[in-house]
>>> print(open('run33.cif').read())   # mmCIF, N, CA and C atoms
data_entry
#
loop_
_atom_site.label_atom_id
_atom_site.label_comp_id
_atom_site.auth_asym_id
_atom_site.auth_seq_id
_atom_site.Cartn_x
_atom_site.Cartn_y
_atom_site.Cartn_z
N MET N 119 47.10 -17.02 246.65
CA MET N 119 48.54 -17.17 246.69
C MET N 119 48.88 -18.40 247.52
N LYS N 120 49.80 -19.20 247.03
CA LYS N 120 50.27 -20.37 247.76
C LYS N 120 51.19 -19.90 248.88
N HIS N 121 50.96 -20.44 250.09
CA HIS N 121 51.80 -20.07 251.22
C HIS N 121 53.03 -20.98 251.26
N THR N 122 54.20 -20.36 251.20
CA THR N 122 55.47 -21.06 251.30
C THR N 122 56.25 -20.42 252.44
N HIS N 123 57.38 -21.00 252.80
CA HIS N 123 58.21 -20.38 253.83
C HIS N 123 58.57 -18.95 253.44
N LYS N 124 58.84 -18.74 252.16
CA LYS N 124 59.23 -17.41 251.69
C LYS N 124 58.07 -16.41 251.77
N THR N 125 56.88 -16.82 251.35
CA THR N 125 55.75 -15.89 251.41
C THR N 125 55.33 -15.60 252.84
N ARG N 126 55.39 -16.61 253.70
CA ARG N 126 55.07 -16.39 255.12
C ARG N 126 56.09 -15.45 255.76
N LEU N 127 57.37 -15.63 255.41
CA LEU N 127 58.42 -14.77 255.93
C LEU N 127 58.20 -13.33 255.49
N LEU N 128 57.89 -13.12 254.23
CA LEU N 128 57.65 -11.77 253.73
C LEU N 128 56.46 -11.12 254.44
N GLU N 129 55.39 -11.87 254.64
CA GLU N 129 54.23 -11.35 255.37
C GLU N 129 54.62 -10.98 256.81
N TYR N 130 55.43 -11.81 257.45
CA TYR N 130 55.88 -11.55 258.81
C TYR N 130 56.71 -10.27 258.85
N LEU N 131 57.65 -10.14 257.91
CA LEU N 131 58.48 -8.94 257.87
C LEU N 131 57.66 -7.68 257.60
N GLU N 132 56.66 -7.78 256.75
CA GLU N 132 55.79 -6.63 256.47
C GLU N 132 55.00 -6.24 257.72
N GLU N 133 54.61 -7.22 258.54
CA GLU N 133 53.83 -6.93 259.74
C GLU N 133 54.70 -6.45 260.91
N PHE N 134 55.85 -7.12 261.13
CA PHE N 134 56.65 -6.84 262.32
C PHE N 134 57.94 -6.07 262.05
N GLY N 135 58.41 -6.04 260.80
CA GLY N 135 59.58 -5.26 260.44
C GLY N 135 60.92 -5.94 260.61
N SER N 136 60.98 -7.00 261.42
CA SER N 136 62.25 -7.71 261.62
C SER N 136 61.96 -9.12 262.11
N ILE N 137 63.02 -9.95 262.09
CA ILE N 137 62.88 -11.33 262.55
C ILE N 137 64.26 -11.88 262.93
N THR N 138 64.28 -12.78 263.91
CA THR N 138 65.48 -13.52 264.27
C THR N 138 65.22 -15.00 263.96
N THR N 139 66.27 -15.81 264.02
CA THR N 139 66.11 -17.24 263.77
C THR N 139 65.12 -17.87 264.74
N LEU N 140 65.24 -17.51 266.02
CA LEU N 140 64.33 -18.06 267.02
C LEU N 140 62.87 -17.73 266.70
N GLU N 141 62.61 -16.49 266.30
CA GLU N 141 61.24 -16.09 265.93
C GLU N 141 60.77 -16.86 264.70
N ALA N 142 61.68 -17.07 263.74
CA ALA N 142 61.30 -17.80 262.52
C ALA N 142 60.91 -19.24 262.84
N ILE N 143 61.66 -19.87 263.74
CA ILE N 143 61.34 -21.24 264.12
C ILE N 143 60.03 -21.27 264.90
N ARG N 144 59.92 -20.41 265.90
CA ARG N 144 58.76 -20.40 266.79
C ARG N 144 57.48 -19.97 266.06
N ASP N 145 57.55 -18.89 265.30
CA ASP N 145 56.33 -18.31 264.71
C ASP N 145 55.99 -18.85 263.32
N LEU N 146 57.01 -19.29 262.58
CA LEU N 146 56.78 -19.70 261.19
C LEU N 146 57.13 -21.15 260.90
N GLY N 147 57.79 -21.81 261.84
CA GLY N 147 58.24 -23.18 261.58
C GLY N 147 59.36 -23.23 260.55
N ASN N 148 60.06 -22.13 260.37
CA ASN N 148 61.11 -22.02 259.35
C ASN N 148 62.47 -22.20 260.01
N THR N 149 63.16 -23.29 259.64
CA THR N 149 64.48 -23.57 260.20
C THR N 149 65.61 -23.14 259.26
N ARG N 150 65.27 -22.56 258.13
CA ARG N 150 66.28 -22.13 257.14
C ARG N 150 66.12 -20.65 256.83
N LEU N 151 66.11 -19.83 257.88
CA LEU N 151 65.85 -18.40 257.71
C LEU N 151 66.86 -17.73 256.79
N ALA N 152 68.15 -17.97 257.00
CA ALA N 152 69.17 -17.31 256.18
C ALA N 152 68.98 -17.60 254.69
N ALA N 153 68.59 -18.82 254.37
CA ALA N 153 68.36 -19.18 252.96
C ALA N 153 67.19 -18.41 252.38
N ARG N 154 66.10 -18.29 253.15
CA ARG N 154 64.93 -17.56 252.65
C ARG N 154 65.21 -16.06 252.56
N ILE N 155 65.99 -15.52 253.50
CA ILE N 155 66.39 -14.11 253.42
C ILE N 155 67.21 -13.89 252.15
N SER N 156 68.11 -14.80 251.87
CA SER N 156 68.93 -14.71 250.66
C SER N 156 68.05 -14.72 249.41
N ASP N 157 67.03 -15.57 249.39
CA ASP N 157 66.10 -15.60 248.26
C ASP N 157 65.42 -14.24 248.08
N LEU N 158 64.93 -13.68 249.18
CA LEU N 158 64.23 -12.39 249.11
C LEU N 158 65.17 -11.27 248.66
N ARG N 159 66.40 -11.29 249.15
CA ARG N 159 67.38 -10.27 248.73
C ARG N 159 67.65 -10.37 247.23
N ARG N 160 67.78 -11.59 246.73
CA ARG N 160 68.01 -11.78 245.28
C ARG N 160 66.84 -11.24 244.47
N GLU N 161 65.65 -11.27 245.05
CA GLU N 161 64.47 -10.75 244.35
C GLU N 161 64.33 -9.24 244.51
N GLY N 162 65.25 -8.60 245.21
CA GLY N 162 65.26 -7.14 245.30
C GLY N 162 64.73 -6.55 246.60
N TYR N 163 64.36 -7.39 247.56
CA TYR N 163 63.88 -6.87 248.84
C TYR N 163 65.06 -6.37 249.66
N ASP N 164 64.87 -5.20 250.30
CA ASP N 164 65.92 -4.58 251.10
C ASP N 164 65.84 -5.11 252.53
N ILE N 165 66.71 -6.04 252.86
CA ILE N 165 66.74 -6.65 254.18
C ILE N 165 68.18 -6.56 254.68
N THR N 166 68.36 -5.89 255.81
CA THR N 166 69.69 -5.75 256.39
C THR N 166 69.86 -6.70 257.56
N SER N 167 71.12 -6.99 257.87
CA SER N 167 71.45 -7.89 258.98
C SER N 167 72.08 -7.07 260.10
N GLN N 168 71.66 -7.35 261.31
CA GLN N 168 72.21 -6.66 262.47
C GLN N 168 72.52 -7.69 263.55
N PRO N 169 73.80 -7.78 264.00
CA PRO N 169 74.10 -8.71 265.09
C PRO N 169 73.44 -8.21 266.38
N MET N 170 73.02 -9.16 267.20
CA MET N 170 72.28 -8.82 268.41
C MET N 170 72.68 -9.82 269.51
N LYS N 171 73.05 -9.31 270.67
CA LYS N 171 73.39 -10.18 271.80
C LYS N 171 72.12 -10.58 272.54
N VAL N 172 72.01 -11.87 272.84
CA VAL N 172 70.86 -12.39 273.60
C VAL N 172 71.37 -13.29 274.72
N PRO N 173 70.63 -13.35 275.82
CA PRO N 173 71.07 -14.22 276.92
C PRO N 173 70.79 -15.69 276.61
N THR N 174 71.62 -16.55 277.19
CA THR N 174 71.39 -17.98 277.10
C THR N 174 70.82 -18.47 278.42
N ARG N 175 70.38 -19.70 278.47
CA ARG N 175 69.83 -20.24 279.72
C ARG N 175 70.90 -20.46 280.78
N TRP N 176 72.18 -20.39 280.38
CA TRP N 176 73.28 -20.59 281.31
C TRP N 176 73.83 -19.27 281.84
N GLY N 177 73.17 -18.17 281.54
CA GLY N 177 73.59 -16.88 282.07
C GLY N 177 74.69 -16.19 281.28
N THR N 178 75.01 -16.72 280.11
CA THR N 178 75.99 -16.07 279.24
C THR N 178 75.24 -15.40 278.09
N GLU N 179 75.99 -14.79 277.20
CA GLU N 179 75.39 -14.17 276.03
C GLU N 179 75.89 -14.84 274.76
N THR N 180 75.05 -14.81 273.76
CA THR N 180 75.45 -15.27 272.43
C THR N 180 74.96 -14.24 271.42
N THR N 181 75.52 -14.27 270.25
CA THR N 181 75.13 -13.32 269.21
C THR N 181 74.28 -14.03 268.17
N VAL N 182 73.15 -13.42 267.86
CA VAL N 182 72.28 -13.90 266.79
C VAL N 182 72.10 -12.77 265.78
N THR N 183 71.58 -13.10 264.64
CA THR N 183 71.33 -12.09 263.62
C THR N 183 69.87 -11.69 263.61
N LYS N 184 69.64 -10.40 263.58
CA LYS N 184 68.29 -9.86 263.43
C LYS N 184 68.22 -9.31 262.01
N TYR N 185 67.25 -9.79 261.24
CA TYR N 185 67.05 -9.32 259.87
C TYR N 185 65.98 -8.23 259.88
N ILE N 186 66.31 -7.08 259.31
CA ILE N 186 65.43 -5.92 259.34
C ILE N 186 65.00 -5.58 257.91
N TYR N 187 63.69 -5.48 257.74
CA TYR N 187 63.10 -5.22 256.42
C TYR N 187 62.81 -3.74 256.27
N SER N 188 63.21 -3.16 255.16
CA SER N 188 62.97 -1.75 254.85
C SER N 188 62.11 -1.64 253.60
N PRO N 189 60.78 -1.74 253.74
CA PRO N 189 59.91 -1.76 252.57
C PRO N 189 59.97 -0.49 251.74
N CYS N 190 60.24 0.66 252.36
CA CYS N 190 60.24 1.90 251.58
C CYS N 190 61.42 1.97 250.62
N LEU N 191 62.43 1.14 250.82
CA LEU N 191 63.59 1.13 249.94
C LEU N 191 63.54 0.03 248.90
N ASP N 192 62.48 -0.77 248.93
CA ASP N 192 62.36 -1.91 248.01
C ASP N 192 62.35 -1.47 246.56
N THR N 193 62.85 -2.36 245.72
CA THR N 193 62.73 -2.16 244.27
C THR N 193 61.51 -2.88 243.76
N LYS N 194 60.77 -3.55 244.65
CA LYS N 194 59.56 -4.29 244.27
C LYS N 194 58.37 -3.37 244.24
#
>>> encode(input="run33.cif", output="structure tokens")
Amino acid sequence: MKHTHKTRLLEYLEEFGSITTLEAIRDLGNTRLAARISDLRREGYDITSQPMKVPTRWGTETTVTKYIYSPCLDTK
């Protein structure tokens, strides 16, 4: 199988169950996570979005999206 951002993302989700943008950049080198999630959803993968507050280096909080994969609900 050819490894693409989408296939690496799916493997990551199957192993860890969820991912944030920061994890996608750090672990996969993927800077377009939302686009790849959209591709997977169009293909029938059950991935939900959950807002999550995270600290910033300035001591404030910001909201990021955590994408959660539910393989048992897949149509694949």
>>> resolve_selection(input="run33.cif", expression="the PyMOL selection byres (((chain N and resi 155 and name CA) around 10) and name CA)", output="ChimeraX atom specification")
/N:124,127-128,150-154,156-161,163-167,185,187
>>> atom_distance(input="run33.cif", atom1="CA of Pro169 (chain N)", atom2="CA of Gly147 (chain N)")
21.8 Å
>>> atom_distance(input="run33.cif", atom1="atom N of Gln168 (chain N)", atom2="atom N of Ile186 (chain N)")
5.7 Å
>>> select_by_dssp(input="run33.cif", residues="chain N", states="strand (DSSP E)", output="list in words")
Ser136, Ile137, Thr138, Ile165, Thr166, Ser167, Gln168, Pro169, Met170, Lys171, Val172, Pro173, Glu179, Thr180, Thr181, Val182, Thr183, Lys184, Tyr185, Ile186 and Tyr187 of chain N
>>> select_by_dssp(input="run33.cif", residues="chain N", states="alpha helix (DSSP H)", output="list in words")
His123, Lys124, Thr125, Arg126, Leu127, Leu128, Glu129, Tyr130, Leu131, Glu132, Glu133, Phe134, Thr139, Leu140, Glu141, Leu151, Ala152, Ala153, Arg154, Ile155, Ser156, Asp157, Leu158, Arg159 and Arg160 of chain N
>>> residues_around(input="run33.cif", residues="Thr181 (chain N)", least_positions_apart="5", cutoff="6.5 Å", atoms="all atoms listed in the file", output="list of chain:residue names")
N:Pro169, N:Met170, N:Lys171, N:Val172
>>> atom_distance(input="run33.cif", atom1="CA of His123 (chain N)", atom2="CA of Cys190 (chain N)")
22.5 Å
>>> closest_residue(input="run33.cif", among="N:Arg175, N:Arg126, N:Lys184, N:His121", to="Thr139 (chain N)", atoms="all atoms listed in the file")
N:Lys184
